[in-house]
Amino acid sequence: MTDTLVPEVQTEAQSTQAPSTDAATAASYVGPRGTRHPLPDAAAEAQVRADDRTHVFHSWSAQALIDPLPVAAGEGATFWDYQGNAYLDFSSQLVNLNLGHQHPDLVAAIQQQAGRLATIQPSMASDVRGELARRIAEVAPGDLDKVFFTNGGADANEYAVRMARAVTGRRKVLSMYRSYHGGTATAISLTGDPRRWANEPSDGSVAHFFGPYAYRSAFNAETPEQEAERALAHLEQVITLEGASTIAAIILETVVGTNGVLVPPPGYLEGVRALADKYGIVYIADEVMVGFGRVGEWFAVNHFGVTPDLITFAKGVNSGYAPLGGVVISERIASHFDTVAFMGGLTYSGHPLACAPGVATFEVFERDGILERVRDLGSRVVGPRLAEFAEKHPSVGEVRGLGLFWAIELVRDRETREPLVPFNASGADAAPMGRVAAACKQAGLWPFVHFNRMHVAPPLVIGEADLVRGLDIIDAALDVADAELA
């Protein structure tokens with residue numbers, strides 16, 4: 001039975017609201033013992049709810065204030081609840097389900113691997129682990145030719161920082177405000193959003209800086225070029241004031257994910273690379289969310305022509321079919337550990353059942369032209385349609401994105417750019433976004449809502465007709481946002 005998933009930040013905007021879609025499209029589901037059951041199934045729903053509410057402790061949530069949706073089945077870009085209601089998955093769950101629900105190639109890869117070798121310890125060589133590492137290295141930029149596998153994105157960032165500290169002999173790490181790097185000790189310290197606050201103090205050797213965000217520029221920039229130039233000047237000042245000789249690494253999401261789908265302006269990432277080189281700092285690109293096709297490239301840095309020292313990944317590497325993440329390592333970093341032991345490891349590093357769907361992911365991408373498809377749908381369908389929303393709806397302040405990764409920023413006033421809901425809003429303050437999200441769910445679309453933004457991040461295999469239908473649903477839901485301005 002599929003797990004019940006909740007967004008990374010649970011708010012009123014993400015509460016369950018059943019849609020009015022035709023239940024006939026979801027005739028049945030396969031239960032935990034392999035038996036097929038018809039939908040709707042009230043008894044099964046009641047059991048799932050009872051087990052969940054009695055025994056499951058959910059992340060990022062006040063346990064008594066949430067009502068997780070029981071999910072019965074999924075296929076492609078759609079999943080169904082036990083009432084038979086269908087939802088277009090416009091969040092790809094947690095922006096990890098790049099190849100959609102129940103992709104037959106990924107499922108078969110796990111089944112076949114389980115049948116021949118279910119697990120092996122990481123100190124031994126594994127054919128499927130080695131093949132996936134080779135395939136990742138082949139699409140990574142520059143000389144990033146080795147891969148250390150982890151269980152997910154947070155520990156990938158933890159280990160990337162550990163590598164940078166070991167190589168440089170320095171401790172401090174710089175990361176952006178408006179970022180998310182994971183929930184473990186150093187990763188949550190690196191994070192630049194409110195999820196960090198309750199977890200402080202943790203790793204005290206982290207300092208934050210402002211990244212580029214032209215729509216709400218911290219630098220009073222008037223053009224993207226100015227934003228890049230001034231953001232880089234700010235970063236260099238932070239490096240100077242924090243002490244360049246103390247800084248091991250700069251880590252940043254190539255395209256900021258949950259905190260805004262912030263696409264860096266021209267020249268910014270190149271400037272970060274130059275500053276890292278100037279001061280002997282390791283540049284870590286966090287591609288946990290945007291790697292593996294989300295913006296139409298294997299890695300988003302490829303879109304910008306930049307080569308970092310380390311790339312962290314997870315999510316889309318195997319669409320989350322089994323826990324898997326990792327660090328892609330440049331020759332400069334890897335060679336340090338040729339004769340010096342790397343002091344880190346995981347029991348399940350490069351687990352065969354996780355690597356197998358990773359290899360299958362490469363095969364599907366290459367066979368089905370996924371990267372080309374994402375670039376086409378993003379530029380031909382999503383971008384133009386969201387531009388229409390910006391013209392049509394007074395609540396839309398800005399739209400931005402690449403590939404199949406976009407944000408619609410909602411405001412109360414286009415002139416002042418006041419957000420539709422305040423930063424880190426909850427309760428009644430967040431209610432306007434809650435009503436927008438509920439309108440989407442009522443129409444059969446599961447949205448990704450964070451603060452005053454709605455993100456567009458469907459599975460990369462979504463059919464064009466479903467993509468257009470989902471955008472139509474968002475268009476109608478924005479009427480609800482417009483009504484909040486009255």
# chains A, B, ... in the order shown; residues from 1 in each chain; ligands from 1
>>> residues_around(residues="A:Asp89", least_positions_apart="2", cutoff="8 Å", atoms="only C-alpha atoms", output="PyMOL selection string")
chain A and resi 77-79+87+91-93+445-447+458-459
>>> write_last_selection(atoms="C-alpha atoms", output="CSV table (one decimal), in the first residue's frame")
chain,number,residue,atom,x,y,z
A,77,ALA,CA,0.7,11.9,-13.0
A,78,THR,CA,-2.4,10.8,-11.1
A,79,PHE,CA,-3.2,9.3,-7.7
A,87,TYR,CA,-5.9,14.0,-8.3
A,91,SER,CA,3.7,18.6,-6.7
A,92,SER,CA,5.2,15.2,-7.9
A,93,GLN,CA,4.7,14.3,-4.2
A,445,LEU,CA,-5.5,18.8,-8.6
A,446,TRP,CA,-3.0,18.4,-5.7
A,447,PRO,CA,-1.0,21.6,-5.5
A,458,PRO,CA,4.2,17.8,-12.2
A,459,PRO,CA,5.8,14.5,-13.0
>>> closest_atom_pairs(of="stretch 351-419 of chain A", to="stretch 277-291 of chain A", cutoff="10 Å", atoms="only C-alpha atoms", output="tab-separated table")
residue	atom	partner	partner_atom	distance
A:Leu402	CA	A:Val290	CA	10.0
A:Gly403	CA	A:Val290	CA	9.9
A:Leu404	CA	A:Val290	CA	9.8
A:Phe405	CA	A:Val290	CA	8.2
>>> select_by_dssp(residues="stretch 189-287 of chain A", states="alpha helix (DSSP H)", output="CSV table (one decimal) with N, CA and C atoms, in the first residue's frame")
chain,number,residue,atom,x,y,z
A,189,SER,N,21.0,23.4,9.8
A,189,SER,CA,21.7,24.6,10.1
A,189,SER,C,21.9,25.4,8.8
A,190,LEU,N,22.2,24.7,7.7
A,190,LEU,CA,22.4,25.3,6.5
A,190,LEU,C,21.1,25.9,5.9
A,224,PRO,N,18.1,42.1,-14.0
A,224,PRO,CA,18.8,40.9,-13.6
A,224,PRO,C,20.3,41.0,-13.5
A,225,GLU,N,20.9,41.7,-14.4
A,225,GLU,CA,22.3,41.9,-14.4
A,225,GLU,C,22.8,42.6,-13.1
A,226,GLN,N,22.0,43.7,-12.7
A,226,GLN,CA,22.4,44.4,-11.5
A,226,GLN,C,22.2,43.5,-10.3
A,227,GLU,N,21.1,42.6,-10.3
A,227,GLU,CA,20.9,41.7,-9.2
A,227,GLU,C,22.1,40.8,-9.0
A,228,ALA,N,22.5,40.2,-10.1
A,228,ALA,CA,23.7,39.3,-10.1
A,228,ALA,C,24.9,40.0,-9.5
A,229,GLU,N,25.2,41.2,-10.1
A,229,GLU,CA,26.4,41.9,-9.7
A,229,GLU,C,26.4,42.3,-8.2
A,230,ARG,N,25.2,42.8,-7.8
A,230,ARG,CA,25.2,43.2,-6.4
A,230,ARG,C,25.1,42.1,-5.4
A,231,ALA,N,24.4,41.0,-5.8
A,231,ALA,CA,24.4,39.8,-4.9
A,231,ALA,C,25.8,39.2,-4.8
A,232,LEU,N,26.6,39.2,-5.9
A,232,LEU,CA,27.9,38.7,-5.8
A,232,LEU,C,28.8,39.6,-4.9
A,233,ALA,N,28.6,40.9,-5.0
A,233,ALA,CA,29.4,41.9,-4.2
A,233,ALA,C,29.0,41.6,-2.7
A,234,HIS,N,27.8,41.4,-2.4
A,234,HIS,CA,27.3,41.1,-1.1
A,234,HIS,C,28.0,39.8,-0.6
A,235,LEU,N,28.0,38.8,-1.4
A,235,LEU,CA,28.6,37.5,-1.0
A,235,LEU,C,30.1,37.7,-0.7
A,236,GLU,N,30.8,38.4,-1.5
A,236,GLU,CA,32.2,38.6,-1.3
A,236,GLU,C,32.4,39.4,0.0
A,237,GLN,N,31.5,40.3,0.3
A,237,GLN,CA,31.7,41.0,1.6
A,237,GLN,C,31.5,40.1,2.8
A,238,VAL,N,30.5,39.2,2.6
A,238,VAL,CA,30.3,38.2,3.7
A,238,VAL,C,31.5,37.3,3.9
A,239,ILE,N,32.1,36.9,2.7
A,239,ILE,CA,33.3,36.1,2.8
A,239,ILE,C,34.4,36.8,3.5
A,240,THR,N,34.6,38.1,3.2
A,240,THR,CA,35.6,38.9,3.9
A,240,THR,C,35.4,39.0,5.4
A,241,LEU,N,34.1,39.3,5.7
A,241,LEU,CA,33.8,39.6,7.1
A,241,LEU,C,33.8,38.3,8.0
A,242,GLU,N,33.4,37.2,7.3
A,242,GLU,CA,33.5,35.9,8.0
A,242,GLU,C,34.9,35.3,8.1
A,268,TYR,N,25.4,34.9,-12.3
A,268,TYR,CA,25.5,34.8,-10.8
A,268,TYR,C,26.3,33.5,-10.4
A,269,LEU,N,25.9,32.4,-11.0
A,269,LEU,CA,26.6,31.1,-10.6
A,269,LEU,C,28.0,31.1,-11.1
A,270,GLU,N,28.3,31.7,-12.2
A,270,GLU,CA,29.6,31.9,-12.7
A,270,GLU,C,30.5,32.7,-11.7
A,271,GLY,N,29.8,33.7,-11.1
A,271,GLY,CA,30.5,34.6,-10.2
A,271,GLY,C,30.7,33.8,-8.9
A,272,VAL,N,29.8,33.0,-8.4
A,272,VAL,CA,30.0,32.2,-7.2
A,272,VAL,C,31.2,31.2,-7.5
A,273,ARG,N,31.3,30.6,-8.7
A,273,ARG,CA,32.4,29.8,-9.0
A,273,ARG,C,33.7,30.6,-8.9
A,274,ALA,N,33.7,31.8,-9.4
A,274,ALA,CA,35.0,32.6,-9.4
A,274,ALA,C,35.4,33.0,-8.0
A,275,LEU,N,34.4,33.3,-7.1
A,275,LEU,CA,34.7,33.6,-5.8
A,275,LEU,C,35.2,32.4,-5.0
A,276,ALA,N,34.6,31.3,-5.2
A,276,ALA,CA,35.1,30.1,-4.6
A,276,ALA,C,36.6,29.8,-5.0
A,277,ASP,N,36.9,30.0,-6.3
A,277,ASP,CA,38.3,29.8,-6.7
A,277,ASP,C,39.2,30.8,-6.1
A,278,LYS,N,38.8,32.0,-6.0
A,278,LYS,CA,39.6,33.1,-5.5
A,278,LYS,C,40.0,32.9,-4.1
A,279,TYR,N,39.1,32.3,-3.3
A,279,TYR,CA,39.4,32.2,-1.9
A,279,TYR,C,39.6,30.7,-1.4
>>> atom_distance(atom1="atom CA of A:Ile474", atom2="atom CA of A:Val396")
11.8 Å
>>> closest_atom_pairs(of="stretch 451-484 of chain A", to="stretch 386-392 of chain A", cutoff="9 Å", atoms="only C-alpha atoms", output="CSV")
residue,atom,partner,partner_atom,distance
A:Leu471,CA,A:Leu386,CA,8.3
A:Asp475,CA,A:Phe389,CA,6.8
A:Leu478,CA,A:Phe389,CA,8.3
>>> write_last_selection(atoms="N, CA and C atoms", output="short mmCIF file (atom, residue, chain, number, x, y, z; two decimals), in the first residue's frame")
data_model
loop_
_atom_site.label_atom_id
_atom_site.label_comp_id
_atom_site.auth_asym_id
_atom_site.auth_seq_id
_atom_site.Cartn_x
_atom_site.Cartn_y
_atom_site.Cartn_z
N LEU A 471 -3.28 23.18 -15.58
CA LEU A 471 -3.12 24.63 -15.65
C LEU A 471 -4.48 25.32 -15.69
N ASP A 475 -5.76 28.13 -13.12
CA ASP A 475 -6.34 29.37 -13.64
C ASP A 475 -7.64 29.69 -12.89
N LEU A 478 -7.05 30.67 -9.26
CA LEU A 478 -6.54 32.05 -9.10
C LEU A 478 -7.67 33.06 -9.03
#
>>> closest_residue(among="A:Ser426, A:Ser202, A:Ser330, A:Gln112", to="A:Leu144", atoms="only C-alpha atoms")
A:Ser330
>>> closest_residue(among="A:Pro419, A:Gly115, A:Gly243, A:Gly192", to="A:Met433", atoms="only C-alpha atoms")
A:Pro419
>>> atom_distance(atom1="atom CA of A:Ala42", atom2="atom CA of A:Ser319")
29.5 Å
>>> select_by_dssp(residues="stretch 60-305 of chain A", states="strand (DSSP E or B)", output="PyMOL selection string")
chain A and resi 71-76+78-81+86-89+101+144-150+172-176+206-209+247-253+256+262+282-286
>>> atom_distance(atom1="atom CA of A:Gly316", atom2="atom CA of A:Asn98")
5.5 Å
>>> residues_around(residues="A:Ser395", least_positions_apart="2", cutoff="8 Å", atoms="only C-alpha atoms", output="list in words")
His393, Gly397, Leu410, Val411, Arg412, Asp413, Arg414, Leu420, Leu478, Ala481, Asp482 and Leu485 of chain A
>>> write_last_selection(atoms="N, CA and C atoms", output="PDB file, in the first residue's frame")
ATOM      1  N   HIS A 393      -4.719  37.823 -13.948  1.00  0.00           N
ATOM      2  CA  HIS A 393      -5.088  37.786 -12.533  1.00  0.00           C
ATOM      3  C   HIS A 393      -4.334  38.861 -11.751  1.00  0.00           C
ATOM      4  N   GLY A 397       1.729  38.322  -8.843  1.00  0.00           N
ATOM      5  CA  GLY A 397       2.778  39.327  -8.896  1.00  0.00           C
ATOM      6  C   GLY A 397       3.857  38.976  -9.890  1.00  0.00           C
ATOM      7  N   LEU A 410       1.888  35.103  -5.410  1.00  0.00           N
ATOM      8  CA  LEU A 410       0.617  35.794  -5.232  1.00  0.00           C
ATOM      9  C   LEU A 410       0.775  36.982  -4.288  1.00  0.00           C
ATOM     10  N   VAL A 411       0.160  38.093  -4.674  1.00  0.00           N
ATOM     11  CA  VAL A 411       0.304  39.347  -3.930  1.00  0.00           C
ATOM     12  C   VAL A 411      -1.054  39.994  -3.705  1.00  0.00           C
ATOM     13  N   ARG A 412      -1.103  40.876  -2.726  1.00  0.00           N
ATOM     14  CA  ARG A 412      -2.298  41.677  -2.495  1.00  0.00           C
ATOM     15  C   ARG A 412      -2.300  42.935  -3.334  1.00  0.00           C
ATOM     16  N   ASP A 413      -1.130  43.383  -3.704  1.00  0.00           N
ATOM     17  CA  ASP A 413      -1.004  44.635  -4.450  1.00  0.00           C
ATOM     18  C   ASP A 413       0.212  44.518  -5.365  1.00  0.00           C
ATOM     19  N   ARG A 414      -0.007  44.653  -6.653  1.00  0.00           N
ATOM     20  CA  ARG A 414       1.111  44.526  -7.594  1.00  0.00           C
ATOM     21  C   ARG A 414       2.106  45.657  -7.457  1.00  0.00           C
ATOM     22  N   LEU A 420       0.308  37.857  -0.660  1.00  0.00           N
ATOM     23  CA  LEU A 420      -1.081  37.535  -0.352  1.00  0.00           C
ATOM     24  C   LEU A 420      -1.220  37.090   1.097  1.00  0.00           C
ATOM     25  N   LEU A 478      -7.051  30.674  -9.260  1.00  0.00           N
ATOM     26  CA  LEU A 478      -6.538  32.046  -9.096  1.00  0.00           C
ATOM     27  C   LEU A 478      -7.675  33.065  -9.031  1.00  0.00           C
ATOM     28  N   ALA A 481      -7.992  33.569  -5.493  1.00  0.00           N
ATOM     29  CA  ALA A 481      -6.970  34.499  -5.008  1.00  0.00           C
ATOM     30  C   ALA A 481      -7.341  35.940  -5.335  1.00  0.00           C
ATOM     31  N   ASP A 482      -7.852  36.158  -6.550  1.00  0.00           N
ATOM     32  CA  ASP A 482      -8.268  37.514  -6.938  1.00  0.00           C
ATOM     33  C   ASP A 482      -9.349  38.047  -6.006  1.00  0.00           C
ATOM     34  N   LEU A 485      -8.548  40.001  -2.882  1.00  0.00           N
ATOM     35  CA  LEU A 485      -8.093  41.389  -2.994  1.00  0.00           C
ATOM     36  C   LEU A 485      -9.228  42.376  -2.871  1.00  0.00           C
TER      37      LEU A 485
END
>>> closest_residue(among="A:Ala133, A:Ala73, A:Ala438, A:Leu262", to="A:Ser179", atoms="only C-alpha atoms")
A:Leu262
>>> residues_around(residues="A:Gln113", least_positions_apart="5", cutoff="9 Å", atoms="only C-alpha atoms", output="list in words")
Ala108, Ala118, Thr119, Val128, Pro352, Leu353 and Ala356 of chain A
>>> closest_residue(among="A:Val468, A:Glu372, A:Thr347, A:Thr191", to="A:Pro384", atoms="only C-alpha atoms")
A:Val468
>>> closest_residue(among="A:Ala244, A:Leu310, A:Arg375, A:Arg216", to="A:Glu418", atoms="only C-alpha atoms")
A:Arg216
>>> residues_around(residues="A:Gly369", least_positions_apart="4", cutoff="12 Å", atoms="only C-alpha atoms", output="ChimeraX atom specification")
/A:293,296-298,361-365,373-376,460-461
>>> write_last_selection(atoms="N, CA and C atoms", output="PDB file, in the first residue's frame")
ATOM      1  N   GLY A 293      16.487  16.059 -14.472  1.00  0.00           N
ATOM      2  CA  GLY A 293      15.479  16.402 -15.461  1.00  0.00           C
ATOM      3  C   GLY A 293      14.471  17.453 -15.086  1.00  0.00           C
ATOM      4  N   GLY A 296      14.979  20.256 -17.251  1.00  0.00           N
ATOM      5  CA  GLY A 296      15.316  19.902 -18.623  1.00  0.00           C
ATOM      6  C   GLY A 296      16.774  19.577 -18.846  1.00  0.00           C
ATOM      7  N   GLU A 297      17.513  19.358 -17.762  1.00  0.00           N
ATOM      8  CA  GLU A 297      18.918  18.952 -17.830  1.00  0.00           C
ATOM      9  C   GLU A 297      19.150  17.852 -16.804  1.00  0.00           C
ATOM     10  N   TRP A 298      20.172  17.017 -17.035  1.00  0.00           N
ATOM     11  CA  TRP A 298      20.500  16.020 -16.021  1.00  0.00           C
ATOM     12  C   TRP A 298      20.775  16.700 -14.689  1.00  0.00           C
ATOM     13  N   THR A 361      16.035   4.599 -14.568  1.00  0.00           N
ATOM     14  CA  THR A 361      15.714   5.996 -14.851  1.00  0.00           C
ATOM     15  C   THR A 361      16.521   6.511 -16.031  1.00  0.00           C
ATOM     16  N   PHE A 362      17.805   6.205 -16.053  1.00  0.00           N
ATOM     17  CA  PHE A 362      18.631   6.622 -17.196  1.00  0.00           C
ATOM     18  C   PHE A 362      18.104   6.015 -18.489  1.00  0.00           C
ATOM     19  N   GLU A 363      17.750   4.755 -18.445  1.00  0.00           N
ATOM     20  CA  GLU A 363      17.255   4.090 -19.652  1.00  0.00           C
ATOM     21  C   GLU A 363      15.967   4.725 -20.150  1.00  0.00           C
ATOM     22  N   VAL A 364      15.071   5.056 -19.234  1.00  0.00           N
ATOM     23  CA  VAL A 364      13.800   5.687 -19.616  1.00  0.00           C
ATOM     24  C   VAL A 364      14.053   7.085 -20.173  1.00  0.00           C
ATOM     25  N   PHE A 365      14.900   7.856 -19.498  1.00  0.00           N
ATOM     26  CA  PHE A 365      15.201   9.210 -19.973  1.00  0.00           C
ATOM     27  C   PHE A 365      15.733   9.177 -21.404  1.00  0.00           C
ATOM     28  N   ARG A 373      11.686  16.597 -23.792  1.00  0.00           N
ATOM     29  CA  ARG A 373      10.256  16.760 -23.538  1.00  0.00           C
ATOM     30  C   ARG A 373      10.011  17.835 -22.474  1.00  0.00           C
ATOM     31  N   VAL A 374      10.808  17.809 -21.413  1.00  0.00           N
ATOM     32  CA  VAL A 374      10.655  18.793 -20.341  1.00  0.00           C
ATOM     33  C   VAL A 374      10.935  20.197 -20.855  1.00  0.00           C
ATOM     34  N   ARG A 375      12.003  20.351 -21.636  1.00  0.00           N
ATOM     35  CA  ARG A 375      12.309  21.670 -22.183  1.00  0.00           C
ATOM     36  C   ARG A 375      11.187  22.165 -23.088  1.00  0.00           C
ATOM     37  N   ASP A 376      10.647  21.261 -23.896  1.00  0.00           N
ATOM     38  CA  ASP A 376       9.570  21.638 -24.812  1.00  0.00           C
ATOM     39  C   ASP A 376       8.307  22.052 -24.059  1.00  0.00           C
ATOM     40  N   LEU A 460       7.483  14.501 -14.777  1.00  0.00           N
ATOM     41  CA  LEU A 460       8.029  14.834 -16.099  1.00  0.00           C
ATOM     42  C   LEU A 460       7.373  14.029 -17.207  1.00  0.00           C
ATOM     43  N   VAL A 461       6.638  12.983 -16.849  1.00  0.00           N
ATOM     44  CA  VAL A 461       5.959  12.141 -17.843  1.00  0.00           C
ATOM     45  C   VAL A 461       4.504  12.538 -18.034  1.00  0.00           C
TER      46      VAL A 461
END
>>> residues_around(residues="A:Glu45", least_positions_apart="2", cutoff="9 Å", atoms="only C-alpha atoms", output="list in words")
Pro40, Asp41, Ala42, Ala43, Gln47, Val48, Arg49, Ala50, Pro70, Val71, Ala72, Asp81, Tyr82 and Gln83 of chain A
